[in-house]
>>> print(open('coords-v3.tsv').read())   # TSV, C-alpha atoms and all ligand atoms
chain	number	residue	atom	x	y	z
A	1	VAL	CA	5.35	-3.05	6.06
A	2	LEU	CA	5.73	-0.49	8.85
A	3	ASN	CA	9.32	-1.70	9.37
A	4	TYR	CA	9.88	-1.32	5.65
A	5	PHE	CA	8.56	2.28	5.86
A	6	HIS	CA	11.08	2.99	8.61
A	7	GLU	CA	13.84	1.45	6.46
A	8	VAL	CA	12.84	3.76	3.60
A	9	LEU	CA	13.23	6.73	5.94
A	10	LYS	CA	16.69	5.57	6.99
A	11	LYS	CA	17.74	5.21	3.35
A	12	HIS	CA	16.20	8.36	1.93
A	13	HIS	CA	15.33	11.76	3.27
A	14	ALA	CA	11.64	10.90	2.77
A	15	GLY	CA	9.48	8.31	1.03
A	16	TYR	CA	7.13	8.46	-1.94
A	17	PHE	CA	3.77	6.69	-2.19
A	18	VAL	CA	1.55	6.70	-5.24
A	19	LEU	CA	-2.18	6.34	-4.76
A	20	ILE	CA	-4.19	4.31	-7.24
A	21	ASP	CA	-7.91	4.98	-6.96
A	22	PRO	CA	-9.65	1.80	-8.16
A	23	GLU	CA	-12.62	3.93	-9.14
A	24	GLN	CA	-10.54	5.84	-11.66
A	25	CYS	CA	-9.01	2.97	-13.64
A	26	GLU	CA	-9.89	-0.37	-15.14
A	27	ILE	CA	-7.60	-3.30	-14.32
A	28	GLU	CA	-5.28	-3.00	-17.31
A	29	LYS	CA	-4.80	0.73	-16.85
A	30	CYS	CA	-4.16	0.24	-13.12
A	31	VAL	CA	-1.57	-2.47	-13.81
A	32	LYS	CA	0.19	-0.32	-16.39
A	33	LEU	CA	0.28	2.56	-13.94
A	34	ALA	CA	1.60	0.30	-11.17
A	35	ARG	CA	4.45	-0.99	-13.37
A	36	GLU	CA	5.48	2.58	-14.13
A	37	ILE	CA	5.22	3.51	-10.45
A	38	GLU	CA	7.64	0.71	-9.63
A	39	LYS	CA	10.05	1.66	-12.43
A	40	ALA	CA	9.99	5.28	-11.30
A	41	GLY	CA	11.34	4.35	-7.86
A	42	ALA	CA	8.29	4.95	-5.65
A	43	ASP	CA	8.34	3.18	-2.28
A	44	ALA	CA	4.81	1.77	-2.10
A	45	ILE	CA	1.44	1.76	-3.81
A	46	LEU	CA	-1.60	2.92	-1.88
A	47	LEU	CA	-4.88	1.53	-3.17
A	48	GLY	CA	-8.18	3.11	-2.28
A	49	GLY	CA	-10.49	6.10	-2.35
A	50	SER	CA	-13.46	7.66	-0.63
A	51	PHE	CA	-16.10	6.05	-2.79
A	52	LEU	CA	-15.92	2.72	-4.53
A	53	THR	CA	-18.22	0.96	-6.96
A	54	ASN	CA	-15.57	-1.09	-8.82
A	55	ASP	CA	-14.67	-4.55	-7.57
A	56	LEU	CA	-11.49	-4.13	-5.52
A	57	HIS	CA	-10.44	-7.82	-5.45
A	58	PRO	CA	-9.40	-8.37	-9.10
A	59	ILE	CA	-7.64	-5.00	-9.24
A	60	ALA	CA	-5.63	-5.66	-6.07
A	61	LYS	CA	-4.85	-9.21	-7.19
A	62	ALA	CA	-3.53	-8.01	-10.53
A	63	LEU	CA	-1.43	-5.28	-8.91
A	64	LYS	CA	0.04	-7.78	-6.45
A	65	GLN	CA	0.92	-10.20	-9.25
A	66	GLU	CA	2.46	-7.58	-11.49
A	67	THR	CA	4.59	-5.53	-9.08
A	68	GLU	CA	6.99	-6.14	-6.23
A	69	LEU	CA	6.15	-2.94	-4.38
A	70	PRO	CA	4.22	-3.19	-1.10
A	71	LEU	CA	0.50	-2.79	-1.78
A	72	VAL	CA	-1.18	-0.91	1.04
A	73	LEU	CA	-4.93	-0.44	1.26
A	74	PHE	CA	-6.13	3.10	1.90
A	75	PRO	CA	-9.82	2.45	2.57
A	76	GLY	CA	-12.71	4.89	2.51
A	77	ASP	CA	-14.74	2.57	4.73
A	78	SER	CA	-15.00	-1.00	6.00
A	79	MET	CA	-16.22	-2.32	2.65
A	80	HIS	CA	-12.94	-1.45	0.94
A	81	LEU	CA	-11.07	-4.58	1.94
A	82	THR	CA	-9.39	-7.38	0.03
A	83	PRO	CA	-6.95	-10.16	0.95
A	84	HIS	CA	-4.81	-9.28	-2.08
A	85	ALA	CA	-2.73	-6.61	-0.33
A	86	ASP	CA	0.17	-6.54	2.12
A	87	ALA	CA	-1.13	-4.08	4.67
A	88	ILE	CA	-3.83	-1.56	5.39
A	89	LEU	CA	-3.66	1.98	6.70
A	90	TYR	CA	-6.02	1.42	9.62
A	91	ILE	CA	-7.19	4.99	9.70
A	92	SER	CA	-9.23	6.83	12.24
A	93	LEU	CA	-10.48	10.21	11.02
A	94	ILE	CA	-9.29	12.06	14.11
A	95	SER	CA	-9.83	15.58	12.78
A	96	GLY	CA	-13.57	14.85	12.62
A	97	ARG	CA	-16.16	14.25	15.28
A	98	ASN	CA	-18.13	11.64	13.39
A	99	PRO	CA	-18.04	8.50	15.57
A	100	ASN	CA	-18.60	6.28	12.55
A	101	TYR	CA	-15.22	7.25	11.06
A	102	LEU	CA	-13.49	7.47	14.43
A	103	ILE	CA	-14.35	3.90	15.50
A	104	GLY	CA	-17.48	2.51	13.77
A	105	GLU	CA	-15.97	1.47	10.43
A	106	GLN	CA	-12.85	0.21	12.23
A	107	VAL	CA	-14.93	-2.24	14.30
A	108	LYS	CA	-16.73	-3.50	11.19
A	109	ALA	CA	-13.40	-3.93	9.38
A	110	ALA	CA	-11.45	-5.63	12.19
A	111	PRO	CA	-12.68	-9.24	11.74
A	112	TRP	CA	-12.08	-9.01	8.00
A	113	ILE	CA	-8.58	-7.62	8.45
A	114	GLN	CA	-7.90	-10.62	10.69
A	115	ARG	CA	-9.47	-13.09	8.24
A	116	TYR	CA	-7.54	-11.61	5.32
A	117	ALA	CA	-4.28	-11.54	7.35
A	118	LEU	CA	-3.69	-7.91	6.43
A	119	LYS	CA	-1.16	-6.00	8.54
A	120	PRO	CA	-2.97	-3.00	10.05
A	121	ILE	CA	-0.96	0.21	10.38
A	122	PRO	CA	-2.82	2.41	12.91
A	123	THR	CA	-2.90	5.87	11.37
A	124	GLY	CA	-4.32	9.15	12.65
A	125	TYR	CA	-5.95	10.68	9.59
A	126	MET	CA	-6.49	14.44	9.58
A	127	LEU	CA	-8.48	16.25	6.96
A	128	ILE	CA	-7.19	19.76	6.27
A	129	GLU	CA	-9.18	22.40	4.41
A	130	GLY	CA	-8.04	22.27	0.78
A	131	GLY	CA	-10.03	25.10	-0.81
A	132	ASN	CA	-12.78	22.91	-2.29
A	133	LYS	CA	-15.23	20.35	-0.98
A	134	THR	CA	-13.47	17.04	-1.55
A	135	ALA	CA	-15.01	13.56	-1.74
A	136	VAL	CA	-13.58	12.60	1.66
A	137	GLU	CA	-15.17	15.63	3.30
A	138	PHE	CA	-18.53	14.87	1.75
A	139	MET	CA	-18.45	11.11	2.37
A	140	SER	CA	-17.19	11.37	5.96
A	141	ASP	CA	-19.50	14.25	6.84
A	142	THR	CA	-16.73	15.89	8.86
A	143	THR	CA	-15.38	19.43	8.98
A	144	PRO	CA	-11.74	19.80	7.90
A	145	ILE	CA	-9.27	21.66	10.12
A	146	PRO	CA	-8.93	25.25	8.79
A	147	ARG	CA	-5.71	25.57	6.79
A	148	ASP	CA	-4.62	28.63	8.76
A	149	LYS	CA	-4.92	26.85	12.12
A	150	PRO	CA	-1.75	24.78	12.61
A	151	ASP	CA	-2.19	25.20	16.35
A	152	ILE	CA	-5.34	23.07	16.13
A	153	ALA	CA	-3.66	20.46	13.92
A	154	GLY	CA	-0.66	19.97	16.24
A	155	PRO	CA	-2.55	18.64	19.28
A	156	HIS	CA	-4.63	16.33	17.06
A	157	ALA	CA	-1.42	14.70	15.81
A	158	LEU	CA	0.01	14.52	19.32
A	159	ALA	CA	-3.18	12.85	20.55
A	160	ALA	CA	-2.83	10.30	17.73
A	161	GLU	CA	0.68	9.46	18.91
A	162	TYR	CA	-0.42	9.26	22.57
A	163	LEU	CA	-3.25	6.91	21.52
A	164	GLY	CA	-0.62	4.58	20.07
A	165	MET	CA	-1.06	5.30	16.39
A	166	GLN	CA	2.00	4.59	14.25
A	167	MET	CA	1.61	7.27	11.60
A	168	VAL	CA	-0.17	10.59	11.05
A	169	TYR	CA	-1.64	11.48	7.66
A	170	LEU	CA	-2.29	15.14	6.81
A	171	GLU	CA	-4.81	15.04	3.98
A	172	ALA	CA	-6.01	17.99	1.90
A	173	GLY	CA	-8.26	15.58	-0.02
A	174	SER	CA	-7.77	14.07	-3.44
A	175	GLY	CA	-7.91	16.81	-6.05
A	176	ALA	CA	-7.66	19.58	-3.46
A	177	VAL	CA	-7.12	23.06	-4.88
A	178	HIS	CA	-4.58	23.77	-2.13
A	179	SER	CA	-2.22	21.20	-0.64
A	180	VAL	CA	-1.50	21.12	3.11
A	181	PRO	CA	0.38	24.34	4.00
A	182	GLU	CA	4.07	24.01	4.87
A	183	GLU	CA	3.56	25.89	8.13
A	184	MET	CA	1.04	23.30	9.27
A	185	ILE	CA	3.35	20.43	8.27
A	186	THR	CA	6.20	21.92	10.31
A	187	THR	CA	4.00	22.56	13.34
A	188	VAL	CA	2.70	18.99	13.31
A	189	LYS	CA	6.12	17.46	12.65
A	190	ASN	CA	7.60	19.32	15.62
A	191	GLN	CA	5.02	17.79	17.96
A	192	ILE	CA	5.31	14.11	17.01
A	193	SER	CA	7.97	11.43	16.70
A	194	ILE	CA	5.98	9.05	14.44
A	195	PRO	CA	6.21	9.37	10.63
A	196	LEU	CA	4.10	12.03	8.93
A	197	ILE	CA	2.36	11.38	5.60
A	198	VAL	CA	1.19	14.36	3.53
A	199	GLY	CA	-1.10	14.20	0.51
A	200	GLY	CA	-3.82	15.87	-1.49
A	201	GLY	CA	-3.40	18.43	-4.26
A	202	ILE	CA	0.36	17.94	-4.72
A	203	ARG	CA	0.83	18.48	-8.46
A	204	THR	CA	4.53	19.14	-9.06
A	205	PRO	CA	7.82	17.61	-7.85
A	206	GLU	CA	8.85	21.08	-6.63
A	207	ILE	CA	5.82	21.30	-4.36
A	208	ALA	CA	6.51	17.76	-3.12
A	209	ALA	CA	10.08	18.78	-2.25
A	210	LYS	CA	8.77	21.80	-0.31
A	211	LYS	CA	6.50	19.54	1.77
A	212	VAL	CA	9.49	17.31	2.57
A	213	GLU	CA	11.57	20.34	3.52
A	214	ALA	CA	8.74	21.43	5.82
A	215	GLY	CA	8.81	18.06	7.62
A	216	ALA	CA	6.77	15.51	5.64
A	217	ASP	CA	8.21	11.97	5.87
A	218	PHE	CA	6.06	10.51	3.11
A	219	ILE	CA	4.42	12.23	0.15
A	220	VAL	CA	1.35	10.85	-1.60
A	221	THR	CA	0.29	11.79	-5.10
A	222	GLY	CA	-2.78	10.46	-6.88
A	223	ASN	CA	-4.67	12.53	-9.41
A	224	ILE	CA	-1.72	14.07	-11.19
A	225	LEU	CA	-0.40	10.66	-12.27
A	226	GLU	CA	-3.82	9.38	-13.25
A	227	GLU	CA	-4.06	12.44	-15.53
A	228	ASN	CA	-0.45	12.30	-16.70
A	229	GLY	CA	1.08	8.95	-15.78
A	230	SER	CA	4.37	9.58	-17.58
A	231	LEU	CA	7.38	7.72	-16.26
A	232	GLU	CA	9.40	10.94	-16.39
A	233	LEU	CA	7.00	12.79	-14.12
A	234	MET	CA	6.90	9.89	-11.65
A	235	ARG	CA	10.71	9.74	-11.61
A	236	ALA	CA	10.85	13.48	-11.02
A	237	PHE	CA	8.48	13.09	-8.03
A	238	ALA	CA	10.47	10.16	-6.61
A	239	ASN	CA	13.76	12.05	-6.97
A	240	ALA	CA	12.34	15.25	-5.50
A	241	VAL	CA	11.03	13.37	-2.46
A	242	HIS	CA	14.08	11.15	-1.95
A	243	GLY	CA	16.35	14.20	-2.13
B	1	LIG	C1	-5.60	11.55	-1.53
B	1	LIG	O1	-3.59	12.33	-0.68
B	1	LIG	C2	-4.14	11.62	-1.72
B	1	LIG	O2	-5.91	10.82	-0.42
B	1	LIG	C3	-3.76	12.08	-3.09
B	1	LIG	O3	-4.35	13.29	-3.47
B	1	LIG	O4	-5.10	12.84	-5.79
B	1	LIG	O5	-4.81	15.20	-5.01
B	1	LIG	O6	-2.82	13.73	-5.41
B	1	LIG	P1	-4.26	13.79	-5.01
>>> encode(input="coords-v3.tsv", output="structure tokens", more="lines below")
Ligand code: 1GP
Amino acid sequence: VLNYFHEVLKKHHAGYFVLIDPEQCEIEKCVKLAREIEKAGADAILLGGSFLTNDLHPIAKALKQETELPLVLFPGDSMHLTPHADAILYISLISGRNPNYLIGEQVKAAPWIQRYALKPIPTGYMLIEGGNKTAVEFMSDTTPIPRDKPDIAGPHALAAEYLGMQMVYLEAGSGAVHSVPEEMITTVKNQISIPLIVGGGIRTPEIAAKKVEAGADFIVTGNILEENGSLELMRAFANAVHG
């Protein structure tokens, strides 16, 4: 899947991922959304969220059966695992100083990732202040990096690369009032050579295009398509990101 991500970057200016939060949709709605995501030209489906009470297995299984797109888990913790996916963003919340989300959940998840034969993609996950308290901030009990401090974000991303991580994810949090600032994206991008994912609070294709221009390699949208999952809007996002 990581090779596929690199292929996407060779083909397009940047790639587009759509996040499906299993907490926000029942199976049929999730499947319908996934079919539209595929038709719209997105590059992968991320599946996950900060807090989960729905059963992940049947949702992932249905998505896998109904679409050809890579299905990548985006877990909130070590319980959010299923064999019905292609890969998992093996994230360490490096902007925080909570050891449980730096290494604890990863240790608990590792044997299950092996058992389920999921491909782990080591990802340095950085929470950036988004103007409101998001679920990820609350659940992880970590302090986001202030949005006006790109100089703090840069070395975090560089440390992720030096630790051998394969991607960096700048996250304003799902439903953030403010998305990650362009200045921060550019600062981080200039310090690393691994792909940069940006998500949280991106609500229009124009804003997505600005993030790409600033240096984002992959854009993630979630909420906006759960609210308005029109094929047209998804196509507009995919086109804006692919350039
Ligand atoms: C959250 O970055 C994703 O992890 C998506 O955020 O739901 O605000 O688009 P939104």
>>> closest_residue(input="coords-v3.tsv", among="A:Lys64, A:Gly200, A:Met165, A:Gln114", to="Gly49 (chain A)", atoms="all atoms listed in the file")
A:Gly200
>>> closest_atom_pairs(input="coords-v3.tsv", of="chain A", to="ligand LIG 1 (chain B)", cutoff="7 Å", atoms="only C-alpha atoms and all ligand atoms", output="CSV")
residue,atom,partner,partner_atom,distance
A:Leu19,CA,B:LIG1,C3,6.2
A:Gly49,CA,B:LIG1,O2,6.9
A:Glu171,CA,B:LIG1,O1,5.5
A:Ala172,CA,B:LIG1,O1,6.7
A:Gly173,CA,B:LIG1,C1,5.1
A:Ser174,CA,B:LIG1,O3,3.5
A:Gly175,CA,B:LIG1,O5,3.6
A:Ala176,CA,B:LIG1,O5,5.5
A:Val198,CA,B:LIG1,O1,6.7
A:Gly199,CA,B:LIG1,O1,3.3
A:Gly200,CA,B:LIG1,O3,3.3
A:Gly201,CA,B:LIG1,O5,3.6
A:Ile202,CA,B:LIG1,O6,5.3
A:Arg203,CA,B:LIG1,O6,6.7
A:Val220,CA,B:LIG1,O1,5.2
A:Thr221,CA,B:LIG1,O6,3.7
A:Gly222,CA,B:LIG1,O4,3.5
A:Asn223,CA,B:LIG1,O4,3.7
A:Ile224,CA,B:LIG1,O6,5.9
>>> atom_distance(input="coords-v3.tsv", atom1="CA of Thr142 (chain A)", atom2="CA of Phe17 (chain A)")
25.0 Å
>>> atom_distance(input="coords-v3.tsv", atom1="CA of Ser92 (chain A)", atom2="CA of Thr123 (chain A)")
6.5 Å
>>> residues_around(input="coords-v3.tsv", residues="Thr186 (chain A)", least_positions_apart="6", cutoff="10 Å", atoms="only C-alpha atoms", output="tab-separated table (two decimals) with C-alpha atoms, in the coordinates of the input")
chain	number	residue	atom	x	y	z
A	150	PRO	CA	-1.75	24.78	12.61
A	154	GLY	CA	-0.66	19.97	16.24
A	211	LYS	CA	6.50	19.54	1.77
A	212	VAL	CA	9.49	17.31	2.57
A	213	GLU	CA	11.57	20.34	3.52
A	214	ALA	CA	8.74	21.43	5.82
A	215	GLY	CA	8.81	18.06	7.62
A	216	ALA	CA	6.77	15.51	5.64
>>> atom_distance(input="coords-v3.tsv", atom1="CA of Asn190 (chain A)", atom2="CA of Pro144 (chain A)")
20.8 Å
>>> closest_residue(input="coords-v3.tsv", among="A:Asn239, A:Thr53, A:Ser140, A:Ser193", to="Asn98 (chain A)", atoms="all atoms listed in the file")
A:Ser140
>>> residues_around(input="coords-v3.tsv", residues="Leu127 (chain A)", least_positions_apart="4", cutoff="12 Å", atoms="only C-alpha atoms", output="PyMOL selection string")
chain A and resi 91-97+101+131+133-138+140-147+152-153+156-157+168-174+176+179-180+197-200
>>> residues_around(input="coords-v3.tsv", residues="Ala34 (chain A)", least_positions_apart="3", cutoff="12 Å", atoms="only C-alpha atoms", output="MDAnalysis selection string")
chainID A and resid 17:22 25 27:31 37:47 59:60 62:71 222 225:226 229:231 234
>>> closest_residue(input="coords-v3.tsv", among="A:Ile185, A:Ile113, A:Ala14, A:Ala160", to="Ile219 (chain A)", atoms="only C-alpha atoms")
A:Ala14
>>> residues_around(input="coords-v3.tsv", residues="Met139 (chain A)", least_positions_apart="6", cutoff="10 Å", atoms="all atoms listed in the file", output="VMD selection string")
chain A and resid 50 to 51 76 to 77
>>> build_atoms(input="coords-v3.tsv", residues="region 202-234 of chain A", atoms="N, CA and C atoms", output="compact mmCIF listing (two decimals), in the coordinates of the input")
# COMPACT_ATOMS: atom_id res chain seq x y z
N ILE A 202 -1.06 17.71 -4.41
CA ILE A 202 0.36 17.94 -4.72
C ILE A 202 0.56 17.62 -6.20
N ARG A 203 0.86 18.66 -7.00
CA ARG A 203 0.83 18.48 -8.46
C ARG A 203 2.18 18.61 -9.14
N THR A 204 3.21 19.06 -8.43
CA THR A 204 4.53 19.14 -9.06
C THR A 204 5.60 18.59 -8.11
N PRO A 205 6.71 18.09 -8.69
CA PRO A 205 7.82 17.61 -7.85
C PRO A 205 8.36 18.72 -6.95
N GLU A 206 8.33 19.96 -7.44
CA GLU A 206 8.85 21.08 -6.63
C GLU A 206 8.01 21.25 -5.38
N ILE A 207 6.70 21.16 -5.54
CA ILE A 207 5.82 21.30 -4.36
C ILE A 207 6.06 20.13 -3.41
N ALA A 208 6.24 18.94 -3.97
CA ALA A 208 6.51 17.76 -3.12
C ALA A 208 7.78 18.00 -2.30
N ALA A 209 8.81 18.53 -2.96
CA ALA A 209 10.08 18.78 -2.25
C ALA A 209 9.88 19.79 -1.12
N LYS A 210 9.04 20.79 -1.35
CA LYS A 210 8.77 21.80 -0.31
C LYS A 210 8.11 21.16 0.91
N LYS A 211 7.20 20.21 0.65
CA LYS A 211 6.50 19.54 1.77
C LYS A 211 7.51 18.72 2.58
N VAL A 212 8.46 18.11 1.87
CA VAL A 212 9.49 17.31 2.57
C VAL A 212 10.36 18.24 3.41
N GLU A 213 10.75 19.35 2.81
CA GLU A 213 11.57 20.34 3.52
C GLU A 213 10.85 20.84 4.78
N ALA A 214 9.53 20.94 4.68
CA ALA A 214 8.74 21.43 5.82
C ALA A 214 8.59 20.38 6.92
N GLY A 215 8.89 19.08 6.58
CA GLY A 215 8.81 18.06 7.62
C GLY A 215 8.04 16.80 7.26
N ALA A 216 7.51 16.73 6.03
CA ALA A 216 6.77 15.51 5.64
C ALA A 216 7.75 14.34 5.50
N ASP A 217 7.37 13.17 6.02
CA ASP A 217 8.21 11.97 5.87
C ASP A 217 7.81 11.19 4.63
N PHE A 218 6.53 11.20 4.31
CA PHE A 218 6.06 10.51 3.11
C PHE A 218 5.12 11.44 2.34
N ILE A 219 5.29 11.43 1.03
CA ILE A 219 4.42 12.23 0.15
C ILE A 219 3.55 11.27 -0.65
N VAL A 220 2.27 11.64 -0.77
CA VAL A 220 1.35 10.85 -1.60
C VAL A 220 0.87 11.71 -2.77
N THR A 221 0.95 11.14 -3.97
CA THR A 221 0.29 11.79 -5.10
C THR A 221 -0.68 10.78 -5.73
N GLY A 222 -1.77 11.31 -6.26
CA GLY A 222 -2.78 10.46 -6.88
C GLY A 222 -3.19 10.99 -8.23
N ASN A 223 -4.07 11.97 -8.20
CA ASN A 223 -4.67 12.53 -9.41
C ASN A 223 -3.70 12.87 -10.52
N ILE A 224 -2.62 13.54 -10.16
CA ILE A 224 -1.72 14.07 -11.19
C ILE A 224 -1.16 12.96 -12.08
N LEU A 225 -0.94 11.76 -11.47
CA LEU A 225 -0.40 10.66 -12.27
C LEU A 225 -1.49 9.91 -13.01
N GLU A 226 -2.72 9.99 -12.49
CA GLU A 226 -3.82 9.38 -13.25
C GLU A 226 -4.08 10.23 -14.50
N GLU A 227 -3.87 11.55 -14.37
CA GLU A 227 -4.06 12.44 -15.53
C GLU A 227 -2.87 12.34 -16.48
N ASN A 228 -1.66 12.29 -15.89
CA ASN A 228 -0.45 12.30 -16.70
C ASN A 228 0.54 11.29 -16.12
N GLY A 229 0.27 10.00 -16.40
CA GLY A 229 1.08 8.95 -15.78
C GLY A 229 2.41 8.72 -16.47
N SER A 230 3.11 9.80 -16.87
CA SER A 230 4.37 9.58 -17.58
C SER A 230 5.44 9.15 -16.59
N LEU A 231 6.30 8.24 -17.09
CA LEU A 231 7.38 7.72 -16.26
C LEU A 231 8.29 8.86 -15.81
N GLU A 232 8.53 9.80 -16.73
CA GLU A 232 9.40 10.94 -16.39
C GLU A 232 8.87 11.72 -15.19
N LEU A 233 7.57 12.00 -15.22
CA LEU A 233 7.00 12.79 -14.12
C LEU A 233 7.09 12.00 -12.81
N MET A 234 6.81 10.71 -12.88
CA MET A 234 6.90 9.89 -11.65
C MET A 234 8.31 9.88 -11.12
